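Below is one structure, written out as C-alpha cells, with a few remarks after it.
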Amino acid sequence: MSGPPTATTRDDVADAFTASITHLTPLSDREGRYDHAPVRARTYVTDHGWPEVLAFSVRAVVFRRNSVVVVRLRDGYRHILPGGRREPGETLEEALRREVLEESGWHLALLRPLGFEHVQHLGAPRPGFPAFGFINPLYIAEGASFQRSARDLTQSEAGSCLVPIGRAMRELPSSGVALLTAATSARQVCNGVGSEDWRRGG
C-alpha cells in the first residue's frame, strides 16, 4: 500500500505522513515501551494509505470461527496482535504469515488490511530501530490450520491460545478490547461483502 506523502528521504516521508494523519482520530493513544524503548503508539483503524518505507513490523488480529488468537508474553501481558519484523527480501504478507506461525502456530488463510500503528520515539531510539519513527501495518486474518511444532519458543511470547471473542472482550486490557471490537466489526463487513474481496492463502 502506498502512502499519500511525496518526499525524498525517510525523515521527510515520516514528517509528511505524520502531517497527513492529523485529522484522524486514533482508536487508542498510549505511551509505553517498544522493545524496552519509550514510545508513543497510536492505533488507527482506517483505509488511509501509508508509505511502505515506514513499515517496520506487521501484525494481525487472527480469528478462527467465533474465537480470536490471544498471545501471552513472558511477563504475563496478553494481546491480540501476533506478528513481527520483516526479514531481508520478505514482503509484508510473507513476514506476517511467518511471524504469526512462529508466535502462535497458526497458518493464515485470509488477510485484509485493518489499519496501522503509528509509533514515535519519546527518547533516543534503540540500535536497529528507525530514528524517524515507524508504522506497523495491521490486518485481520483467518486462521486456517494449527501447527504446534512451528512455534518458536525462544521468542518473548510464552504461548498463545484460541479464546472465544466474548471472553476475550472481558479479559483483555481496554486498548485490546477496542481493537478487537473494531476488528470484529470489520470482519463482519468483509464476510458480508464476498470472498472475492479477500486475499486467500496458498
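Naming scheme: A, B, ... for chains in displayed order of the C-alpha cells; residues 1 onward per chain; ligands 1 onward as shown.
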Test item: residues at most 8 Å from Phe132 in chain A, only C-alpha atoms, excluding those fewer than 4 positions along its chain, as a VMD selection string: chain A and resid 10 to 11 14 120 to 121
Please dump the current selection as a short mmCIF file (atom, residue, chain, number, x, y, z; two decimals), in the first residue's frame; keep N, CA and C atoms.
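And here's result-v3.cif as it stands now:
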```
data_model
loop_
_atom_site.label_atom_id
_atom_site.label_comp_id
_atom_site.auth_asym_id
_atom_site.auth_seq_id
_atom_site.Cartn_x
_atom_site.Cartn_y
_atom_site.Cartn_z
N ARG A 10 13.64 9.33 4.19
CA ARG A 10 12.74 8.70 5.16
C ARG A 10 12.26 9.70 6.20
N ASP A 11 13.14 10.59 6.62
CA ASP A 11 12.71 11.63 7.57
C ASP A 11 11.62 12.49 6.96
N ALA A 14 8.42 10.49 6.83
CA ALA A 14 7.83 10.37 8.17
C ALA A 14 7.13 11.66 8.56
N GLN A 120 6.11 6.59 17.59
CA GLN A 120 7.11 7.65 17.63
C GLN A 120 7.93 7.53 18.91
N HIS A 121 9.23 7.76 18.78
CA HIS A 121 10.14 7.65 19.91
C HIS A 121 9.94 8.81 20.89
#
```
Contacts of range 90-95 of chain A within 9 Å, only C-alpha atoms, excl. fewer than 2 positions in-chain, as a PyMOL selection string: chain A and resi 52+55+57-58+83-88+97-100+111+137
Close residues, Ser104 in chain A itself excluded, 7 Å, only C-alpha atoms, min 3 positions apart in chain, as a VMD selection string: chain A and resid 100 to 101 151 159 to 160
Selection: 12 Å around Ser185 in chain A, only C-alpha atoms, excl. self and same-chain fewer than 6 positions, as a PyMOL selection string: chain A and resi 45+114+140+165+178-179+191-192
Any chance you could export the current selection's N, CA and C atoms as a PDB file, in the first residue's frame?
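This is the output file again-v2.pdb:
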```pdb
ATOM      1  N   VAL A  45      -7.699   2.537  12.950  1.00  0.00           N
ATOM      2  CA  VAL A  45      -8.463   1.624  12.098  1.00  0.00           C
ATOM      3  C   VAL A  45      -9.012   2.472  10.963  1.00  0.00           C
ATOM      4  N   LEU A 114      -6.503  -3.657   8.035  1.00  0.00           N
ATOM      5  CA  LEU A 114      -7.344  -3.098   9.096  1.00  0.00           C
ATOM      6  C   LEU A 114      -6.969  -1.658   9.417  1.00  0.00           C
ATOM      7  N   ILE A 140      -6.633  -7.977   9.565  1.00  0.00           N
ATOM      8  CA  ILE A 140      -7.442  -9.026  10.155  1.00  0.00           C
ATOM      9  C   ILE A 140      -7.194 -10.268   9.319  1.00  0.00           C
ATOM     10  N   ILE A 165     -14.509 -14.938  21.483  1.00  0.00           N
ATOM     11  CA  ILE A 165     -14.469 -13.485  21.364  1.00  0.00           C
ATOM     12  C   ILE A 165     -15.103 -12.803  22.580  1.00  0.00           C
ATOM     13  N   ALA A 178     -10.893  -2.432  22.555  1.00  0.00           N
ATOM     14  CA  ALA A 178     -11.251  -1.504  21.478  1.00  0.00           C
ATOM     15  C   ALA A 178     -10.815  -2.045  20.128  1.00  0.00           C
ATOM     16  N   LEU A 179      -9.607  -2.599  20.063  1.00  0.00           N
ATOM     17  CA  LEU A 179      -9.112  -3.148  18.803  1.00  0.00           C
ATOM     18  C   LEU A 179      -9.913  -4.375  18.380  1.00  0.00           C
ATOM     19  N   ASN A 191     -17.090 -10.325   5.597  1.00  0.00           N
ATOM     20  CA  ASN A 191     -17.791 -11.578   5.349  1.00  0.00           C
ATOM     21  C   ASN A 191     -19.086 -11.350   4.585  1.00  0.00           C
ATOM     22  N   GLY A 192     -19.667 -10.169   4.752  1.00  0.00           N
ATOM     23  CA  GLY A 192     -20.895  -9.871   4.039  1.00  0.00           C
ATOM     24  C   GLY A 192     -20.656  -9.394   2.622  1.00  0.00           C
TER      25      GLY A 192
END
```
Residue neighbourhood range 144-148 of chain A, 6 Å, only C-alpha atoms, exclusion window fewer than 3 positions, as a count of residues only: 6
Leu81 in chain A surroundings by only C-alpha atoms, 7 Å radius, close-in-sequence under 6 positions cut, as a ChimeraX atom specification: /A:59-61
For the strand (DSSP E) assignment from backbone DSSP, which residues of range 59-157 of chain A qualify? Please present them as a CSV table (one decimal) with C-alpha atoms, in the first residue's frame.
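Final output, saved to part_4.csv:
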```csv
chain,number,residue,atom,x,y,z
A,59,ARG,CA,0.7,-7.7,12.8
A,60,ALA,CA,-2.8,-9.2,12.6
A,61,VAL,CA,-5.8,-9.9,14.6
A,62,VAL,CA,-6.3,-13.7,13.9
A,63,PHE,CA,-9.8,-15.2,14.1
A,64,ARG,CA,-10.9,-18.8,13.9
A,67,SER,CA,-12.6,-17.2,18.6
A,68,VAL,CA,-9.6,-15.0,18.5
A,69,VAL,CA,-5.9,-15.8,19.0
A,70,VAL,CA,-4.6,-14.3,22.2
A,71,VAL,CA,-0.8,-14.1,22.7
A,72,ARG,CA,0.7,-14.2,26.2
A,73,LEU,CA,4.1,-12.7,26.8
A,78,ARG,CA,-1.8,-10.5,26.8
A,79,HIS,CA,-2.6,-9.1,23.4
A,83,GLY,CA,3.4,-10.6,14.1
A,84,GLY,CA,6.8,-9.0,13.9
A,85,ARG,CA,9.6,-7.6,11.7
A,106,TRP,CA,-1.4,-20.7,13.1
A,107,HIS,CA,-1.2,-20.8,9.3
A,108,LEU,CA,-3.3,-17.9,7.9
A,109,ALA,CA,-5.8,-18.2,5.1
A,110,LEU,CA,-7.5,-14.9,4.6
A,111,LEU,CA,-6.0,-11.4,5.1
A,112,ARG,CA,-7.5,-7.9,4.9
A,113,PRO,CA,-6.0,-4.6,5.9
A,114,LEU,CA,-7.3,-3.1,9.1
A,115,GLY,CA,-5.2,0.0,9.7
A,116,PHE,CA,-1.8,0.7,11.3
A,117,GLU,CA,0.0,1.6,14.5
A,118,HIS,CA,2.0,4.9,14.3
A,119,VAL,CA,4.9,4.7,16.7
A,120,GLN,CA,7.1,7.7,17.6
A,121,HIS,CA,10.1,7.6,19.9
A,134,PHE,CA,7.7,3.9,12.1
A,135,ILE,CA,4.4,2.2,11.4
A,136,ASN,CA,3.2,-1.3,12.0
A,137,PRO,CA,0.6,-2.3,9.3
A,138,LEU,CA,-2.4,-4.1,10.9
A,139,TYR,CA,-4.6,-6.8,9.3
A,140,ILE,CA,-7.4,-9.0,10.2
A,141,ALA,CA,-6.8,-12.7,9.3
A,142,GLU,CA,-8.5,-16.0,9.4
A,143,GLY,CA,-6.7,-19.0,10.9
A,144,ALA,CA,-6.5,-21.9,8.5
A,145,SER,CA,-4.8,-24.6,10.5
A,146,PHE,CA,-2.7,-25.0,13.7
A,157,GLU,CA,6.0,-15.0,23.6
```
One-decimal distance in Å that lies between CA of Arg42 in chain A and CA of Asp29 in chain A: 4.4 Å
